[in-house]
>>> print(open('data-v8.pdb').read())   # PDB, C-alpha atoms, pLDDT in the B column
ATOM      1  CA  MET C 113     -21.579  -4.849  23.992  1.00 52.00           C
ATOM      2  CA  GLU C 114     -19.002  -6.193  26.388  1.00 63.00           C
ATOM      3  CA  LYS C 115     -15.354  -5.210  26.304  1.00 68.00           C
ATOM      4  CA  GLY C 116     -13.322  -7.665  24.224  1.00 69.00           C
ATOM      5  CA  THR C 117     -16.256  -8.717  22.037  1.00 67.00           C
ATOM      6  CA  ILE C 118     -15.203  -9.539  18.487  1.00 67.00           C
ATOM      7  CA  ILE C 119     -17.459  -8.205  15.755  1.00 61.00           C
ATOM      8  CA  LYS C 120     -17.351 -10.278  12.576  1.00 70.00           C
ATOM      9  CA  ARG C 121     -17.964  -8.578   9.246  1.00 73.00           C
ATOM     10  CA  THR C 122     -18.061 -10.168   5.825  1.00 78.00           C
ATOM     11  CA  ASP C 123     -15.176  -9.288   3.501  1.00 84.00           C
ATOM     12  CA  TYR C 124     -17.267  -8.871   0.340  1.00 87.00           C
ATOM     13  CA  VAL C 125     -14.319  -8.023  -1.914  1.00 88.00           C
ATOM     14  CA  ALA C 126     -12.276 -11.108  -0.967  1.00 88.00           C
ATOM     15  CA  THR C 127     -15.371 -13.324  -1.066  1.00 89.00           C
ATOM     16  CA  MET C 128     -16.247 -12.198  -4.574  1.00 91.00           C
ATOM     17  CA  LEU C 129     -12.675 -12.412  -5.888  1.00 91.00           C
ATOM     18  CA  ALA C 130     -12.511 -16.016  -4.617  1.00 92.00           C
ATOM     19  CA  ILE C 131     -15.248 -17.018  -7.099  1.00 93.00           C
ATOM     20  CA  PRO C 132     -13.599 -18.647 -10.154  1.00 94.00           C
ATOM     21  CA  VAL C 133     -14.294 -16.977 -13.521  1.00 95.00           C
ATOM     22  CA  GLY C 134     -17.426 -18.385 -15.150  1.00 95.00           C
ATOM     23  CA  GLU C 135     -18.856 -19.818 -11.930  1.00 96.00           C
ATOM     24  CA  GLU C 136     -21.602 -18.553  -9.677  1.00 94.00           C
ATOM     25  CA  ARG C 137     -22.175 -18.732  -5.942  1.00 94.00           C
ATOM     26  CA  GLU C 138     -25.316 -18.355  -3.881  1.00 94.00           C
ATOM     27  CA  PHE C 139     -25.189 -16.415  -0.616  1.00 91.00           C
ATOM     28  CA  VAL C 140     -27.740 -16.221   2.190  1.00 90.00           C
ATOM     29  CA  LEU C 141     -28.464 -12.586   3.011  1.00 88.00           C
ATOM     30  CA  THR C 142     -28.656 -11.128   6.496  1.00 84.00           C
ATOM     31  CA  GLY C 143     -28.971  -7.513   7.519  1.00 81.00           C
ATOM     32  CA  ARG C 144     -27.346  -5.177   4.994  1.00 84.00           C
ATOM     33  CA  ASP C 145     -25.689  -7.918   2.938  1.00 87.00           C
ATOM     34  CA  TYR C 146     -27.750  -7.223  -0.197  1.00 90.00           C
ATOM     35  CA  ALA C 147     -26.743  -3.573  -0.365  1.00 91.00           C
ATOM     36  CA  SER C 148     -23.111  -4.419   0.393  1.00 90.00           C
ATOM     37  CA  TYR C 149     -22.891  -7.116  -2.304  1.00 91.00           C
ATOM     38  CA  MET C 150     -24.557  -4.867  -4.891  1.00 92.00           C
ATOM     39  CA  ASN C 151     -22.197  -2.029  -3.972  1.00 93.00           C
ATOM     40  CA  ALA C 152     -19.191  -4.342  -4.415  1.00 92.00           C
ATOM     41  CA  VAL C 153     -20.523  -5.587  -7.794  1.00 93.00           C
ATOM     42  CA  SER C 154     -20.995  -1.998  -8.954  1.00 94.00           C
ATOM     43  CA  ARG C 155     -17.506  -0.943  -7.865  1.00 93.00           C
ATOM     44  CA  PHE C 156     -15.816  -3.946  -9.498  1.00 93.00           C
ATOM     45  CA  ASN C 157     -17.665  -3.366 -12.773  1.00 92.00           C
ATOM     46  CA  LYS C 158     -16.928   0.372 -12.667  1.00 93.00           C
ATOM     47  CA  ASN C 159     -13.177   0.147 -12.064  1.00 92.00           C
ATOM     48  CA  GLY C 160     -12.646  -2.835 -14.389  1.00 88.00           C
ATOM     49  CA  LYS C 161     -10.838  -5.016 -11.831  1.00 87.00           C
ATOM     50  CA  ALA C 162     -13.358  -7.827 -12.410  1.00 93.00           C
ATOM     51  CA  LYS C 163     -16.848  -8.237 -13.893  1.00 95.00           C
ATOM     52  CA  PHE C 164     -19.741  -9.678 -11.914  1.00 95.00           C
ATOM     53  CA  GLU C 165     -23.423 -10.275 -12.478  1.00 95.00           C
ATOM     54  CA  ALA C 166     -25.818 -10.410  -9.524  1.00 94.00           C
ATOM     55  CA  ARG C 167     -29.426 -11.573  -9.252  1.00 93.00           C
ATOM     56  CA  THR C 168     -31.744 -12.379  -6.405  1.00 93.00           C
ATOM     57  CA  ALA C 169     -32.764 -16.032  -6.168  1.00 90.00           C
ATOM     58  CA  SER C 170     -35.289 -15.460  -3.372  1.00 90.00           C
ATOM     59  CA  ALA C 171     -36.029 -12.923  -0.673  1.00 87.00           C
ATOM     60  CA  ALA C 172     -33.075 -14.137   1.378  1.00 91.00           C
ATOM     61  CA  THR C 173     -30.503 -15.250  -1.226  1.00 93.00           C
ATOM     62  CA  ILE C 174     -28.394 -13.627  -3.925  1.00 93.00           C
ATOM     63  CA  VAL C 175     -26.550 -15.360  -6.760  1.00 95.00           C
ATOM     64  CA  ILE C 176     -23.308 -13.775  -7.965  1.00 94.00           C
ATOM     65  CA  LYS C 177     -21.594 -14.893 -11.164  1.00 96.00           C
ATOM     66  CA  ARG C 178     -18.046 -13.870 -12.017  1.00 95.00           C
ATOM     67  CA  LEU C 179     -17.712 -12.975 -15.691  1.00 95.00           C
ATOM     68  CA  SER C 180     -14.016 -11.998 -15.740  1.00 91.00           C
TER      69      SER C 180
END
>>> encode(input="data-v8.pdb", output="structure tokens")
Amino acid sequence: MEKGTIIKRTDYVATMLAIPVGEEREFVLTGRDYASYMNAVSRFNKNGKAKFEARTASAATIVIKRLS
């Protein structure tokens, strides 16, 4: 990697909190996205900040629904 290269990482927490309550969004998965989204869903549901439901739509997509 060259000096000055910017590495972009998905902000899963902000992305999920931007979903309006009662709506669902579909995301295309790359690399470790699935594990990261499922980890974020688990943490939100555990600490009670928000409730989410996640399901896989295909091998490369995940659907996340915000419940509260």
>>> resolve_selection(input="data-v8.pdb", expression="the PyMOL selection byres ((chain C and resi 169) around 12)", output="list in words")
Glu136, Arg137, Glu138, Phe139, Val140, Leu141, Tyr146, Ala166, Arg167, Thr168, Ser170, Ala171, Ala172, Thr173, Ile174, Val175 and Ile176 of chain C
>>> resolve_selection(input="data-v8.pdb", expression="the PyMOL selection byres ((chain C and resi 125) around 9)", output="ChimeraX atom specification")
/C:122-124,126-130,149,152-153,156
>>> closest_residue(input="data-v8.pdb", among="C:Arg178, C:Glu165, C:Val133, C:Arg121", to="Met150 in chain C", atoms="only C-alpha atoms")
C:Glu165
>>> atom_distance(input="data-v8.pdb", atom1="CA of Lys163 in chain C", atom2="CA of Ile131 in chain C")
11.2 Å
>>> atom_distance(input="data-v8.pdb", atom1="CA of Lys120 in chain C", atom2="CA of Ser154 in chain C")
23.4 Å
>>> atom_distance(input="data-v8.pdb", atom1="CA of Lys177 in chain C", atom2="CA of Pro132 in chain C")
8.9 Å
>>> decode(input="data-v8.pdb", residues="range 139-173 of chain C", atoms="N, CA, C and O atoms", output="mmCIF file, in the first residue's frame")
data_model
loop_
_atom_site.group_PDB
_atom_site.id
_atom_site.type_symbol
_atom_site.label_atom_id
_atom_site.label_comp_id
_atom_site.auth_asym_id
_atom_site.auth_seq_id
_atom_site.Cartn_x
_atom_site.Cartn_y
_atom_site.Cartn_z
ATOM 1 N N PHE C 139 -28.407 -4.921 1.543
ATOM 2 C CA PHE C 139 -27.015 -4.550 1.350
ATOM 3 C C PHE C 139 -26.268 -5.653 0.622
ATOM 4 O O PHE C 139 -26.452 -6.833 0.922
ATOM 5 N N VAL C 140 -25.429 -5.257 -0.324
ATOM 6 C CA VAL C 140 -24.558 -6.202 -1.028
ATOM 7 C C VAL C 140 -23.348 -6.454 -0.134
ATOM 8 O O VAL C 140 -22.740 -5.521 0.390
ATOM 9 N N LEU C 141 -23.010 -7.713 0.054
ATOM 10 C CA LEU C 141 -21.933 -8.094 0.957
ATOM 11 C C LEU C 141 -20.616 -8.283 0.218
ATOM 12 O O LEU C 141 -20.581 -8.873 -0.854
ATOM 13 N N THR C 142 -19.560 -7.769 0.800
ATOM 14 C CA THR C 142 -18.209 -7.999 0.304
ATOM 15 C C THR C 142 -17.308 -8.288 1.495
ATOM 16 O O THR C 142 -17.484 -7.705 2.571
ATOM 17 N N GLY C 143 -16.383 -9.176 1.313
ATOM 18 C CA GLY C 143 -15.420 -9.472 2.370
ATOM 19 C C GLY C 143 -16.073 -9.926 3.656
ATOM 20 O O GLY C 143 -16.831 -10.879 3.682
ATOM 21 N N ARG C 144 -15.789 -9.209 4.746
ATOM 22 C CA ARG C 144 -16.298 -9.581 6.069
ATOM 23 C C ARG C 144 -17.573 -8.839 6.453
ATOM 24 O O ARG C 144 -17.937 -8.764 7.619
ATOM 25 N N ASP C 145 -18.277 -8.289 5.481
ATOM 26 C CA ASP C 145 -19.486 -7.521 5.772
ATOM 27 C C ASP C 145 -20.528 -8.327 6.535
ATOM 28 O O ASP C 145 -21.159 -7.815 7.456
ATOM 29 N N TYR C 146 -20.747 -9.589 6.159
ATOM 30 C CA TYR C 146 -21.785 -10.382 6.815
ATOM 31 C C TYR C 146 -21.513 -10.480 8.316
ATOM 32 O O TYR C 146 -22.398 -10.216 9.131
ATOM 33 N N ALA C 147 -20.320 -10.853 8.670
ATOM 34 C CA ALA C 147 -19.975 -10.989 10.089
ATOM 35 C C ALA C 147 -20.092 -9.657 10.817
ATOM 36 O O ALA C 147 -20.574 -9.595 11.954
ATOM 37 N N SER C 148 -19.696 -8.577 10.166
ATOM 38 C CA SER C 148 -19.755 -7.256 10.794
ATOM 39 C C SER C 148 -21.194 -6.803 11.013
ATOM 40 O O SER C 148 -21.530 -6.259 12.059
ATOM 41 N N TYR C 149 -22.059 -7.002 10.003
ATOM 42 C CA TYR C 149 -23.472 -6.640 10.164
ATOM 43 C C TYR C 149 -24.128 -7.482 11.256
ATOM 44 O O TYR C 149 -24.868 -6.965 12.089
ATOM 45 N N MET C 150 -23.864 -8.780 11.275
ATOM 46 C CA MET C 150 -24.477 -9.639 12.291
ATOM 47 C C MET C 150 -23.974 -9.280 13.690
ATOM 48 O O MET C 150 -24.738 -9.326 14.651
ATOM 49 N N ASN C 151 -22.726 -8.904 13.802
ATOM 50 C CA ASN C 151 -22.169 -8.462 15.076
ATOM 51 C C ASN C 151 -22.868 -7.185 15.539
ATOM 52 O O ASN C 151 -23.239 -7.045 16.715
ATOM 53 N N ALA C 152 -23.070 -6.244 14.618
ATOM 54 C CA ALA C 152 -23.752 -4.989 14.963
ATOM 55 C C ALA C 152 -25.199 -5.255 15.384
ATOM 56 O O ALA C 152 -25.688 -4.672 16.354
ATOM 57 N N VAL C 153 -25.897 -6.132 14.658
ATOM 58 C CA VAL C 153 -27.285 -6.490 15.014
ATOM 59 C C VAL C 153 -27.313 -7.070 16.423
ATOM 60 O O VAL C 153 -28.142 -6.683 17.252
ATOM 61 N N SER C 154 -26.415 -7.986 16.710
ATOM 62 C CA SER C 154 -26.359 -8.622 18.022
ATOM 63 C C SER C 154 -26.095 -7.608 19.133
ATOM 64 O O SER C 154 -26.753 -7.628 20.178
ATOM 65 N N ARG C 155 -25.165 -6.704 18.902
ATOM 66 C CA ARG C 155 -24.847 -5.694 19.923
ATOM 67 C C ARG C 155 -26.000 -4.728 20.151
ATOM 68 O O ARG C 155 -26.295 -4.363 21.292
ATOM 69 N N PHE C 156 -26.659 -4.285 19.085
ATOM 70 C CA PHE C 156 -27.815 -3.398 19.245
ATOM 71 C C PHE C 156 -28.916 -4.095 20.035
ATOM 72 O O PHE C 156 -29.499 -3.509 20.951
ATOM 73 N N ASN C 157 -29.228 -5.330 19.683
ATOM 74 C CA ASN C 157 -30.292 -6.059 20.367
ATOM 75 C C ASN C 157 -29.929 -6.337 21.819
ATOM 76 O O ASN C 157 -30.798 -6.311 22.690
ATOM 77 N N LYS C 158 -28.653 -6.566 22.086
ATOM 78 C CA LYS C 158 -28.206 -6.874 23.451
ATOM 79 C C LYS C 158 -28.267 -5.659 24.364
ATOM 80 O O LYS C 158 -28.744 -5.745 25.492
ATOM 81 N N ASN C 159 -27.814 -4.491 23.867
ATOM 82 C CA ASN C 159 -27.786 -3.321 24.749
ATOM 83 C C ASN C 159 -29.081 -2.512 24.731
ATOM 84 O O ASN C 159 -29.222 -1.560 25.480
ATOM 85 N N GLY C 160 -30.031 -2.864 23.875
ATOM 86 C CA GLY C 160 -31.337 -2.226 23.874
ATOM 87 C C GLY C 160 -31.394 -0.864 23.208
ATOM 88 O O GLY C 160 -32.416 -0.185 23.287
ATOM 89 N N LYS C 161 -30.329 -0.439 22.541
ATOM 90 C CA LYS C 161 -30.319 0.864 21.878
ATOM 91 C C LYS C 161 -31.287 0.889 20.699
ATOM 92 O O LYS C 161 -31.933 1.894 20.434
ATOM 93 N N ALA C 162 -31.399 -0.225 20.004
ATOM 94 C CA ALA C 162 -32.327 -0.382 18.879
ATOM 95 C C ALA C 162 -32.508 -1.879 18.653
ATOM 96 O O ALA C 162 -31.701 -2.685 19.106
ATOM 97 N N LYS C 163 -33.574 -2.256 17.956
ATOM 98 C CA LYS C 163 -33.829 -3.664 17.645
ATOM 99 C C LYS C 163 -33.797 -3.844 16.133
ATOM 100 O O LYS C 163 -34.419 -3.081 15.393
ATOM 101 N N PHE C 164 -33.069 -4.865 15.694
ATOM 102 C CA PHE C 164 -32.944 -5.166 14.280
ATOM 103 C C PHE C 164 -33.194 -6.643 14.044
ATOM 104 O O PHE C 164 -33.004 -7.466 14.927
ATOM 105 N N GLU C 165 -33.592 -6.946 12.827
ATOM 106 C CA GLU C 165 -33.770 -8.321 12.381
ATOM 107 C C GLU C 165 -32.982 -8.454 11.078
ATOM 108 O O GLU C 165 -33.108 -7.605 10.196
ATOM 109 N N ALA C 166 -32.178 -9.489 10.959
ATOM 110 C CA ALA C 166 -31.361 -9.667 9.761
ATOM 111 C C ALA C 166 -31.643 -11.027 9.141
ATOM 112 O O ALA C 166 -31.856 -12.011 9.842
ATOM 113 N N ARG C 167 -31.635 -11.057 7.802
ATOM 114 C CA ARG C 167 -31.779 -12.327 7.079
ATOM 115 C C ARG C 167 -30.993 -12.222 5.786
ATOM 116 O O ARG C 167 -30.790 -11.135 5.255
ATOM 117 N N THR C 168 -30.549 -13.357 5.302
ATOM 118 C CA THR C 168 -29.817 -13.362 4.044
ATOM 119 C C THR C 168 -30.803 -13.539 2.904
ATOM 120 O O THR C 168 -31.653 -14.424 2.932
ATOM 121 N N ALA C 169 -30.697 -12.680 1.894
ATOM 122 C CA ALA C 169 -31.571 -12.749 0.730
ATOM 123 C C ALA C 169 -30.960 -13.649 -0.338
ATOM 124 O O ALA C 169 -31.677 -14.321 -1.073
ATOM 125 N N SER C 170 -29.650 -13.655 -0.434
ATOM 126 C CA SER C 170 -28.921 -14.531 -1.349
ATOM 127 C C SER C 170 -27.510 -14.688 -0.799
ATOM 128 O O SER C 170 -27.208 -14.189 0.289
ATOM 129 N N ALA C 171 -26.661 -15.325 -1.555
ATOM 130 C CA ALA C 171 -25.291 -15.543 -1.080
ATOM 131 C C ALA C 171 -24.521 -14.237 -0.913
ATOM 132 O O ALA C 171 -23.587 -14.168 -0.131
ATOM 133 N N ALA C 172 -24.936 -13.200 -1.607
ATOM 134 C CA ALA C 172 -24.178 -11.948 -1.580
ATOM 135 C C ALA C 172 -24.973 -10.754 -1.062
ATOM 136 O O ALA C 172 -24.521 -9.630 -1.156
ATOM 137 N N THR C 173 -26.163 -10.979 -0.492
ATOM 138 C CA THR C 173 -26.954 -9.862 0.026
ATOM 139 C C THR C 173 -27.561 -10.204 1.385
ATOM 140 O O THR C 173 -27.879 -11.349 1.676
#
